[in-house]
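Coordinates from data.pdb are shown below (PDB, C-alpha atoms, pLDDT in the B column).
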ATOM      1  CA  MET V 254       0.000   0.000   0.000  1.00 66.00           C
ATOM      2  CA  GLY V 255       1.013   3.594  -0.524  1.00 67.00           C
ATOM      3  CA  THR V 256      -0.444   7.038  -0.983  1.00 69.00           C
ATOM      4  CA  LYS V 257      -0.864   9.375  -3.907  1.00 68.00           C
ATOM      5  CA  ASP V 258      -2.302  12.849  -3.475  1.00 67.00           C
ATOM      6  CA  GLY V 259      -3.381  11.889   0.057  1.00 70.00           C
ATOM      7  CA  GLU V 260      -5.336   8.839  -1.099  1.00 74.00           C
ATOM      8  CA  THR V 261      -4.409   5.240  -0.334  1.00 77.00           C
ATOM      9  CA  ILE V 262      -3.389   3.247  -3.381  1.00 74.00           C
ATOM     10  CA  SER V 263      -2.711  -0.457  -3.661  1.00 81.00           C
ATOM     11  CA  SER V 264       0.592  -2.144  -4.350  1.00 83.00           C
ATOM     12  CA  ALA V 265      -0.829  -3.210  -7.703  1.00 86.00           C
ATOM     13  CA  GLU V 266      -1.499   0.451  -8.601  1.00 85.00           C
ATOM     14  CA  ILE V 267       2.038   1.365  -7.546  1.00 83.00           C
ATOM     15  CA  LYS V 268       3.507  -1.417  -9.690  1.00 87.00           C
ATOM     16  CA  ALA V 269       1.361  -0.363 -12.649  1.00 88.00           C
ATOM     17  CA  GLN V 270       2.512   3.236 -12.266  1.00 85.00           C
ATOM     18  CA  GLN V 271       6.160   2.150 -12.050  1.00 87.00           C
ATOM     19  CA  ALA V 272       5.782   0.032 -15.192  1.00 90.00           C
ATOM     20  CA  GLU V 273       4.136   2.943 -17.011  1.00 90.00           C
ATOM     21  CA  SER V 274       6.941   5.302 -15.937  1.00 90.00           C
ATOM     22  CA  LYS V 275       9.607   2.892 -17.163  1.00 94.00           C
ATOM     23  CA  GLN V 276       7.829   2.580 -20.495  1.00 96.00           C
ATOM     24  CA  VAL V 277       7.668   6.367 -20.930  1.00 96.00           C
ATOM     25  CA  TRP V 278      11.445   6.552 -20.422  1.00 95.00           C
ATOM     26  CA  ARG V 279      12.017   3.697 -22.854  1.00 97.00           C
ATOM     27  CA  ASN V 280       9.793   5.295 -25.493  1.00 97.00           C
ATOM     28  CA  MET V 281      11.477   8.692 -25.121  1.00 96.00           C
ATOM     29  CA  TYR V 282      14.921   7.085 -25.253  1.00 96.00           C
ATOM     30  CA  GLU V 283      13.973   5.139 -28.382  1.00 97.00           C
ATOM     31  CA  PHE V 284      12.806   8.381 -30.004  1.00 98.00           C
ATOM     32  CA  VAL V 285      16.075  10.146 -29.114  1.00 97.00           C
ATOM     33  CA  VAL V 286      18.369   7.431 -30.447  1.00 97.00           C
ATOM     34  CA  THR V 287      16.438   6.132 -33.461  1.00 98.00           C
ATOM     35  CA  SER V 288      14.624   9.115 -34.991  1.00 98.00           C
ATOM     36  CA  SER V 289      15.993  10.707 -38.130  1.00 98.00           C
ATOM     37  CA  ASP V 290      17.408  14.204 -37.767  1.00 97.00           C
ATOM     38  CA  SER V 291      14.310  15.766 -39.300  1.00 97.00           C
ATOM     39  CA  ASP V 292      12.000  13.686 -37.090  1.00 98.00           C
ATOM     40  CA  PHE V 293      14.016  14.646 -34.013  1.00 98.00           C
ATOM     41  CA  VAL V 294      13.533  18.338 -34.780  1.00 97.00           C
ATOM     42  CA  SER V 295       9.887  17.925 -35.812  1.00 97.00           C
ATOM     43  CA  HIS V 296       8.857  15.713 -32.891  1.00 98.00           C
ATOM     44  CA  LEU V 297      11.011  16.899 -29.992  1.00 98.00           C
ATOM     45  CA  GLY V 298       7.892  18.748 -28.837  1.00 97.00           C
ATOM     46  CA  ASP V 299       6.014  15.449 -28.602  1.00 98.00           C
ATOM     47  CA  TRP V 300       8.325  14.495 -25.737  1.00 98.00           C
ATOM     48  CA  PHE V 301       9.561  17.789 -24.263  1.00 97.00           C
ATOM     49  CA  ILE V 302       8.499  21.312 -23.618  1.00 97.00           C
ATOM     50  CA  VAL V 303      11.012  22.254 -26.312  1.00 96.00           C
ATOM     51  CA  GLU V 304      12.211  25.424 -24.611  1.00 96.00           C
ATOM     52  CA  SER V 305      13.276  23.411 -21.559  1.00 96.00           C
ATOM     53  CA  PRO V 306      16.183  21.368 -23.010  1.00 95.00           C
ATOM     54  CA  LEU V 307      17.176  24.297 -25.253  1.00 95.00           C
ATOM     55  CA  TYR V 308      17.351  26.630 -22.271  1.00 94.00           C
ATOM     56  CA  TRP V 309      19.167  23.998 -20.219  1.00 92.00           C
ATOM     57  CA  TYR V 310      21.757  23.532 -22.968  1.00 91.00           C
ATOM     58  CA  LEU V 311      22.393  27.291 -23.287  1.00 91.00           C
ATOM     59  CA  PHE V 312      22.328  27.919 -19.529  1.00 89.00           C
ATOM     60  CA  THR V 313      24.864  25.169 -18.812  1.00 87.00           C
ATOM     61  CA  GLU V 314      27.033  26.331 -21.715  1.00 87.00           C
ATOM     62  CA  ARG V 315      26.965  29.996 -20.642  1.00 87.00           C
ATOM     63  CA  TYR V 316      27.895  29.256 -17.047  1.00 85.00           C
ATOM     64  CA  THR V 317      30.382  26.431 -17.775  1.00 82.00           C
ATOM     65  CA  MET V 318      28.292  23.968 -15.764  1.00 82.00           C
ATOM     66  CA  ILE V 319      30.280  20.867 -16.550  1.00 79.00           C
ATOM     67  CA  ASP V 320      28.147  18.437 -14.515  1.00 79.00           C
ATOM     68  CA  ASN V 321      24.657  19.735 -15.077  1.00 81.00           C
ATOM     69  CA  ARG V 322      23.813  17.820 -18.241  1.00 82.00           C
ATOM     70  CA  ALA V 323      24.969  14.497 -16.829  1.00 79.00           C
ATOM     71  CA  LYS V 324      23.401  15.057 -13.414  1.00 80.00           C
ATOM     72  CA  ASN V 325      22.181  17.940 -11.243  1.00 81.00           C
ATOM     73  CA  SER V 326      18.835  18.084 -13.004  1.00 83.00           C
ATOM     74  CA  PHE V 327      15.445  16.473 -12.609  1.00 88.00           C
ATOM     75  CA  TRP V 328      13.750  15.239 -15.750  1.00 91.00           C
ATOM     76  CA  HIS V 329      10.127  15.886 -14.877  1.00 93.00           C
ATOM     77  CA  TRP V 330       7.250  14.208 -16.762  1.00 94.00           C
ATOM     78  CA  GLY V 331       4.085  16.158 -16.205  1.00 94.00           C
ATOM     79  CA  LYS V 332       0.845  17.141 -17.859  1.00 96.00           C
ATOM     80  CA  THR V 333       1.373  20.356 -19.819  1.00 96.00           C
ATOM     81  CA  TYR V 334      -1.318  20.434 -22.483  1.00 97.00           C
ATOM     82  CA  ILE V 335      -5.057  19.975 -22.069  1.00 97.00           C
ATOM     83  CA  THR V 336      -7.928  19.875 -24.532  1.00 98.00           C
ATOM     84  CA  THR V 337     -10.598  22.525 -24.766  1.00 98.00           C
ATOM     85  CA  ALA V 338     -13.042  20.015 -23.249  1.00 97.00           C
ATOM     86  CA  GLU V 339     -10.682  19.346 -20.317  1.00 97.00           C
ATOM     87  CA  ALA V 340     -10.282  23.092 -19.779  1.00 97.00           C
ATOM     88  CA  THR V 341     -14.048  23.538 -19.596  1.00 97.00           C
ATOM     89  CA  GLU V 342     -14.311  20.713 -17.088  1.00 97.00           C
ATOM     90  CA  MET V 343     -11.393  22.017 -14.974  1.00 96.00           C
ATOM     91  CA  GLY V 344     -12.647  25.554 -14.687  1.00 96.00           C
ATOM     92  CA  ASP V 345     -10.133  27.886 -13.003  1.00 96.00           C
ATOM     93  CA  ASP V 346      -7.485  25.157 -12.733  1.00 96.00           C
ATOM     94  CA  ALA V 347      -7.139  25.194 -16.536  1.00 96.00           C
ATOM     95  CA  GLN V 348      -5.008  28.327 -16.187  1.00 96.00           C
ATOM     96  CA  TYR V 349      -2.087  26.139 -15.088  1.00 96.00           C
ATOM     97  CA  TYR V 350      -1.981  24.313 -18.432  1.00 96.00           C
ATOM     98  CA  THR V 351      -1.691  25.151 -22.098  1.00 97.00           C
ATOM     99  CA  ILE V 352      -4.934  24.573 -23.962  1.00 97.00           C
ATOM    100  CA  ASP V 353      -4.006  22.905 -27.250  1.00 97.00           C
ATOM    101  CA  ASP V 354      -6.167  20.081 -28.574  1.00 98.00           C
ATOM    102  CA  THR V 355      -3.472  18.800 -30.946  1.00 97.00           C
ATOM    103  CA  ALA V 356      -0.640  18.778 -28.375  1.00 97.00           C
ATOM    104  CA  ALA V 357      -2.951  17.276 -25.730  1.00 98.00           C
ATOM    105  CA  ALA V 358      -3.607  14.312 -28.031  1.00 98.00           C
ATOM    106  CA  ILE V 359       0.093  13.361 -27.990  1.00 97.00           C
ATOM    107  CA  ASN V 360       1.203  11.485 -24.847  1.00 96.00           C
ATOM    108  CA  ASN V 361      -2.075  12.570 -23.220  1.00 96.00           C
ATOM    109  CA  GLY V 362      -0.632  16.086 -22.944  1.00 97.00           C
ATOM    110  CA  TYR V 363       2.392  15.029 -20.890  1.00 97.00           C
ATOM    111  CA  ARG V 364       5.905  16.313 -21.646  1.00 97.00           C
ATOM    112  CA  PHE V 365       9.363  16.271 -20.084  1.00 97.00           C
ATOM    113  CA  ASP V 366      10.963  19.418 -18.743  1.00 94.00           C
ATOM    114  CA  LEU V 367      14.235  19.829 -16.882  1.00 92.00           C
ATOM    115  CA  TRP V 368      14.411  21.272 -13.383  1.00 89.00           C
ATOM    116  CA  ASP V 369      17.606  22.688 -11.949  1.00 82.00           C
ATOM    117  CA  TYR V 370      18.700  21.679  -8.457  1.00 80.00           C
ATOM    118  CA  ASP V 371      22.466  21.927  -7.981  1.00 79.00           C
ATOM    119  CA  ASN V 372      24.829  24.460  -9.504  1.00 80.00           C
ATOM    120  CA  ASP V 373      27.931  23.547  -7.527  1.00 78.00           C
ATOM    121  CA  THR V 374      30.141  23.263 -10.612  1.00 77.00           C
ATOM    122  CA  ALA V 375      29.267  26.553 -12.289  1.00 82.00           C
ATOM    123  CA  LEU V 376      31.891  28.918 -13.712  1.00 82.00           C
ATOM    124  CA  GLY V 377      34.638  26.293 -13.868  1.00 77.00           C
ATOM    125  CA  ILE V 378      34.488  25.312 -10.196  1.00 80.00           C
ATOM    126  CA  ASN V 379      34.779  21.620  -9.355  1.00 76.00           C
ATOM    127  CA  ASN V 380      32.825  19.749  -6.686  1.00 75.00           C
ATOM    128  CA  SER V 381      35.409  20.789  -4.068  1.00 81.00           C
ATOM    129  CA  GLY V 382      34.895  24.486  -4.785  1.00 81.00           C
ATOM    130  CA  GLU V 383      38.208  24.925  -6.600  1.00 83.00           C
ATOM    131  CA  LEU V 384      38.465  26.920  -9.819  1.00 81.00           C
ATOM    132  CA  THR V 385      39.709  24.292 -12.254  1.00 76.00           C
ATOM    133  CA  MET V 386      39.138  25.935 -15.616  1.00 76.00           C
ATOM    134  CA  THR V 387      38.823  29.341 -17.080  1.00 76.00           C
ATOM    135  CA  TYR V 388      35.612  30.677 -18.557  1.00 77.00           C
ATOM    136  CA  GLY V 389      34.827  30.186 -22.218  1.00 77.00           C
ATOM    137  CA  HIS V 390      35.126  26.462 -22.763  1.00 77.00           C
ATOM    138  CA  GLU V 391      32.666  24.766 -25.068  1.00 81.00           C
ATOM    139  CA  ASP V 392      30.996  21.462 -24.320  1.00 79.00           C
ATOM    140  CA  ILE V 393      32.977  19.841 -27.142  1.00 80.00           C
ATOM    141  CA  ASP V 394      36.383  20.923 -25.741  1.00 80.00           C
ATOM    142  CA  TYR V 395      38.754  18.361 -24.307  1.00 78.00           C
ATOM    143  CA  LYS V 396      40.404  18.467 -20.889  1.00 77.00           C
ATOM    144  CA  GLU V 397      43.799  20.054 -20.137  1.00 71.00           C
ATOM    145  CA  ASP V 398      45.930  19.183 -23.144  1.00 68.00           C
ATOM    146  CA  GLY V 399      43.191  19.165 -25.769  1.00 64.00           C
ATOM    147  CA  ASN V 400      43.827  15.458 -26.318  1.00 66.00           C
ATOM    148  CA  PRO V 401      40.645  13.452 -27.012  1.00 70.00           C
ATOM    149  CA  ALA V 402      42.070  10.620 -24.889  1.00 69.00           C
ATOM    150  CA  SER V 403      41.870  12.849 -21.803  1.00 73.00           C
ATOM    151  CA  GLY V 404      38.101  13.227 -22.237  1.00 80.00           C
ATOM    152  CA  PHE V 405      35.668  16.082 -22.620  1.00 81.00           C
ATOM    153  CA  ILE V 406      35.533  18.993 -20.178  1.00 79.00           C
ATOM    154  CA  TYR V 407      31.750  18.593 -19.930  1.00 79.00           C
ATOM    155  CA  ASN V 408      30.350  15.402 -18.482  1.00 79.00           C
ATOM    156  CA  ALA V 409      27.800  13.978 -20.941  1.00 80.00           C
ATOM    157  CA  ALA V 410      29.336  15.837 -23.898  1.00 81.00           C
ATOM    158  CA  ASP V 411      29.015  12.620 -25.858  1.00 84.00           C
ATOM    159  CA  ASN V 412      25.436  11.967 -24.700  1.00 88.00           C
ATOM    160  CA  VAL V 413      23.209  11.350 -27.741  1.00 93.00           C
ATOM    161  CA  PHE V 414      20.450  13.674 -26.549  1.00 95.00           C
ATOM    162  CA  TRP V 415      22.767  16.657 -25.941  1.00 92.00           C
ATOM    163  CA  ARG V 416      24.735  15.996 -29.141  1.00 92.00           C
ATOM    164  CA  ARG V 417      21.502  16.082 -31.124  1.00 96.00           C
ATOM    165  CA  ILE V 418      20.351  19.259 -29.370  1.00 95.00           C
ATOM    166  CA  ARG V 419      23.701  20.887 -30.213  1.00 92.00           C
ATOM    167  CA  LYS V 420      23.757  19.657 -33.808  1.00 93.00           C
ATOM    168  CA  LEU V 421      20.110  20.056 -34.809  1.00 96.00           C
ATOM    169  CA  MET V 422      18.523  22.798 -32.740  1.00 94.00           C
ATOM    170  CA  HIS V 423      20.639  25.840 -33.584  1.00 84.00           C
ATOM    171  CA  ASN V 424      17.717  27.944 -34.790  1.00 78.00           C
TER     172      ASN V 424
END
Please express what this file holds, its structure, as structure tokens.
Amino acid sequence: MGTKDGETISSAEIKAQQAESKQVWRNMYEFVVTSSDSDFVSHLGDWFIVESPLYWYLFTERYTMIDNRAKNSFWHWGKTYITTAEATEMGDDAQYYTIDDTAAAINNGYRFDLWDYDNDTALGINNSGELTMTYGHEDIDYKEDGNPASGFIYNAADNVFWRRIRKLMHN
């Protein structure tokens, strides 16, 4: 047994919700790694509030946040879009959503967005609070000697999602 929104729910409901959550991640991951470049651009909004990963990419780039794409963020899956009919039924609560019948039909109106929670490595500072790099590095730069064998400055620089954001979402 457990609770959700103050109501008791059964273990079976919890297991069903966990299975559904895993499947959402799997489906999003499959989209990220298997879609064509044009489909990635065209359908990113089916999975994300598009401005969220774009902002996160630019924010972490601007402030040299070397860890914040690999960790230090929550990937939140929440209802964003509702239909006109849902808005009518919800009344005043509809103001917290975007009313868009077409977007609400995709993933039942749910989308991912990224939430910030830890900026301890901003501006070239490592996890110990030491300044370890100067400002102005790009996420595709390599550590110290510029040798690819030493690895990227940014953790997750080779992550498929962030590579595709960098490559395909310039506009």
Give me the residues near V:Glu304 as a PyMOL selection string, where near means some atom within 12 Å (using only C-alpha atoms) and where sequence neighbours in that chain fewer than 4 positions away do not count. chain V and resi 297-298+300+308-312+364-367+418+422+424
Return the single residue from V:Trp368, V:Tyr349, V:Tyr363, V:Tyr407 that is closest to V:Asp299, with distances computed using all atoms listed in the file. V:Tyr363
Using only C-alpha atoms, determine which residues lie at most 10 Å from stretch 270-282 of chain V, disregarding the query and same-chain residues fewer than 3 positions distant; provide the list as a PyMOL selection string. chain V and resi 264-267+285-288+297+299-301+330+360+365+413-414
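Residue membership of the PyMOL selection byres ((chain V and resi 323) around 6) in the shown file amounts to Asp320, Asn321, Arg322, Lys324, Asn408 and Ala409 of chain V.
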Quick one: residues within 12 Å of V:Tyr316, only C-alpha atoms counted, chain neighbours fewer than 5 positions away excluded, as a PyMOL selection string? chain V and resi 309-311+321+372-378+386-392+407
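Going from atom CA of V:Thr385 to atom CA of V:Thr313 covers 16.3 Å.
Computed from the coordinates, the atom CA of V:Arg315 to atom CA of V:Ala410 distance equals 14.7 Å.
Nearest to V:Phe327 of all the residues V:Tyr370, V:Thr341, V:Asn361, V:Asp353 is V:Tyr370, counting all atoms listed in the file.
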Report the centre and edge lengths, in Å to one decimal, of an axis-aligned box enclosing every atom of stretch 412-418 of chain V listed in the file, padded by 5 Å on each side, as AutoDock Vina command-line options.
--center_x 22.9 --center_y 15.3 --center_z -27.9 --size_x 15.1 --size_y 17.9 --size_z 16.4
Could you give me, as a PDB file with C-alpha atoms, in the frame of the given file, the residues that have an atom at most 7 Å away from the point (-4.1, 23.0, -19.1) in the coordinates of the file, using only C-alpha atoms?
ATOM      1  CA  THR V 333       1.373  20.356 -19.819  1.00 96.00           C
ATOM      2  CA  TYR V 334      -1.318  20.434 -22.483  1.00 97.00           C
ATOM      3  CA  ILE V 335      -5.057  19.975 -22.069  1.00 97.00           C
ATOM      4  CA  ALA V 340     -10.282  23.092 -19.779  1.00 97.00           C
ATOM      5  CA  ALA V 347      -7.139  25.194 -16.536  1.00 96.00           C
ATOM      6  CA  GLN V 348      -5.008  28.327 -16.187  1.00 96.00           C
ATOM      7  CA  TYR V 349      -2.087  26.139 -15.088  1.00 96.00           C
ATOM      8  CA  TYR V 350      -1.981  24.313 -18.432  1.00 96.00           C
ATOM      9  CA  THR V 351      -1.691  25.151 -22.098  1.00 97.00           C
ATOM     10  CA  ILE V 352      -4.934  24.573 -23.962  1.00 97.00           C
TER      11      ILE V 352
END
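For the pair atom CA of V:Thr336 and atom CA of V:Val294, the separation is 23.8 Å.
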Supply stretch 390-413 of chain V as a PDB file, in the frame of the given file, with N, CA and C atoms built in where the input has gaps.
ATOM      1  N   HIS V 390      35.013  27.782 -22.135  1.00 77.00           N
ATOM      2  CA  HIS V 390      35.126  26.462 -22.763  1.00 77.00           C
ATOM      3  C   HIS V 390      33.787  26.032 -23.335  1.00 77.00           C
ATOM      4  N   GLU V 391      33.853  25.316 -24.428  1.00 81.00           N
ATOM      5  CA  GLU V 391      32.666  24.766 -25.068  1.00 81.00           C
ATOM      6  C   GLU V 391      32.473  23.331 -24.591  1.00 81.00           C
ATOM      7  N   ASP V 392      31.267  22.825 -24.768  1.00 79.00           N
ATOM      8  CA  ASP V 392      30.996  21.462 -24.320  1.00 79.00           C
ATOM      9  C   ASP V 392      31.706  20.410 -25.174  1.00 79.00           C
ATOM     10  N   ILE V 393      32.253  20.796 -26.293  1.00 80.00           N
ATOM     11  CA  ILE V 393      32.977  19.841 -27.142  1.00 80.00           C
ATOM     12  C   ILE V 393      34.495  19.926 -26.952  1.00 80.00           C
ATOM     13  N   ASP V 394      34.950  20.789 -26.020  1.00 80.00           N
ATOM     14  CA  ASP V 394      36.383  20.923 -25.741  1.00 80.00           C
ATOM     15  C   ASP V 394      36.872  19.755 -24.884  1.00 80.00           C
ATOM     16  N   TYR V 395      38.143  19.429 -25.074  1.00 78.00           N
ATOM     17  CA  TYR V 395      38.754  18.361 -24.307  1.00 78.00           C
ATOM     18  C   TYR V 395      39.500  18.928 -23.107  1.00 78.00           C
ATOM     19  N   LYS V 396      39.707  18.071 -22.112  1.00 77.00           N
ATOM     20  CA  LYS V 396      40.404  18.467 -20.889  1.00 77.00           C
ATOM     21  C   LYS V 396      41.836  18.890 -21.185  1.00 77.00           C
ATOM     22  N   GLU V 397      42.444  19.504 -20.170  1.00 71.00           N
ATOM     23  CA  GLU V 397      43.799  20.054 -20.137  1.00 71.00           C
ATOM     24  C   GLU V 397      44.535  20.205 -21.465  1.00 71.00           C
ATOM     25  N   ASP V 398      45.025  19.122 -21.998  1.00 68.00           N
ATOM     26  CA  ASP V 398      45.930  19.183 -23.144  1.00 68.00           C
ATOM     27  C   ASP V 398      45.228  19.190 -24.496  1.00 68.00           C
ATOM     28  N   GLY V 399      43.918  19.185 -24.503  1.00 64.00           N
ATOM     29  CA  GLY V 399      43.191  19.165 -25.769  1.00 64.00           C
ATOM     30  C   GLY V 399      43.204  17.808 -26.454  1.00 64.00           C
ATOM     31  N   ASN V 400      43.720  16.801 -25.769  1.00 66.00           N
ATOM     32  CA  ASN V 400      43.827  15.458 -26.318  1.00 66.00           C
ATOM     33  C   ASN V 400      42.505  14.716 -26.103  1.00 66.00           C
ATOM     34  N   PRO V 401      41.898  14.188 -27.175  1.00 70.00           N
ATOM     35  CA  PRO V 401      40.645  13.452 -27.012  1.00 70.00           C
ATOM     36  C   PRO V 401      40.733  12.309 -26.001  1.00 70.00           C
ATOM     37  N   ALA V 402      41.910  11.721 -25.841  1.00 69.00           N
ATOM     38  CA  ALA V 402      42.070  10.620 -24.889  1.00 69.00           C
ATOM     39  C   ALA V 402      41.856  11.074 -23.445  1.00 69.00           C
ATOM     40  N   SER V 403      42.049  12.365 -23.179  1.00 73.00           N
ATOM     41  CA  SER V 403      41.870  12.849 -21.803  1.00 73.00           C
ATOM     42  C   SER V 403      40.405  13.121 -21.473  1.00 73.00           C
ATOM     43  N   GLY V 404      39.535  13.085 -22.464  1.00 80.00           N
ATOM     44  CA  GLY V 404      38.101  13.227 -22.237  1.00 80.00           C
ATOM     45  C   GLY V 404      37.606  14.651 -22.385  1.00 80.00           C
ATOM     46  N   PHE V 405      36.305  14.779 -22.484  1.00 81.00           N
ATOM     47  CA  PHE V 405      35.668  16.082 -22.620  1.00 81.00           C
ATOM     48  C   PHE V 405      35.657  16.834 -21.292  1.00 81.00           C
ATOM     49  N   ILE V 406      35.677  18.154 -21.369  1.00 79.00           N
ATOM     50  CA  ILE V 406      35.533  18.993 -20.178  1.00 79.00           C
ATOM     51  C   ILE V 406      34.158  18.775 -19.564  1.00 79.00           C
ATOM     52  N   TYR V 407      33.120  18.768 -20.402  1.00 79.00           N
ATOM     53  CA  TYR V 407      31.750  18.593 -19.930  1.00 79.00           C
ATOM     54  C   TYR V 407      31.427  17.113 -19.774  1.00 79.00           C
ATOM     55  N   ASN V 408      30.902  16.750 -18.628  1.00 79.00           N
ATOM     56  CA  ASN V 408      30.350  15.402 -18.482  1.00 79.00           C
ATOM     57  C   ASN V 408      29.118  15.326 -19.378  1.00 79.00           C
ATOM     58  N   ALA V 409      28.914  14.222 -20.019  1.00 80.00           N
ATOM     59  CA  ALA V 409      27.800  13.978 -20.941  1.00 80.00           C
ATOM     60  C   ALA V 409      27.948  14.710 -22.272  1.00 80.00           C
ATOM     61  N   ALA V 410      29.141  15.184 -22.595  1.00 81.00           N
ATOM     62  CA  ALA V 410      29.336  15.837 -23.898  1.00 81.00           C
ATOM     63  C   ALA V 410      29.080  14.882 -25.047  1.00 81.00           C
ATOM     64  N   ASP V 411      29.260  13.599 -24.806  1.00 84.00           N
ATOM     65  CA  ASP V 411      29.015  12.620 -25.858  1.00 84.00           C
ATOM     66  C   ASP V 411      27.638  11.955 -25.741  1.00 84.00           C
ATOM     67  N   ASN V 412      26.802  12.469 -24.864  1.00 88.00           N
ATOM     68  CA  ASN V 412      25.436  11.967 -24.700  1.00 88.00           C
ATOM     69  C   ASN V 412      24.642  12.228 -25.985  1.00 88.00           C
ATOM     70  N   VAL V 413      23.933  11.236 -26.473  1.00 93.00           N
ATOM     71  CA  VAL V 413      23.209  11.350 -27.741  1.00 93.00           C
ATOM     72  C   VAL V 413      22.200  12.489 -27.708  1.00 93.00           C
TER      73      VAL V 413
END
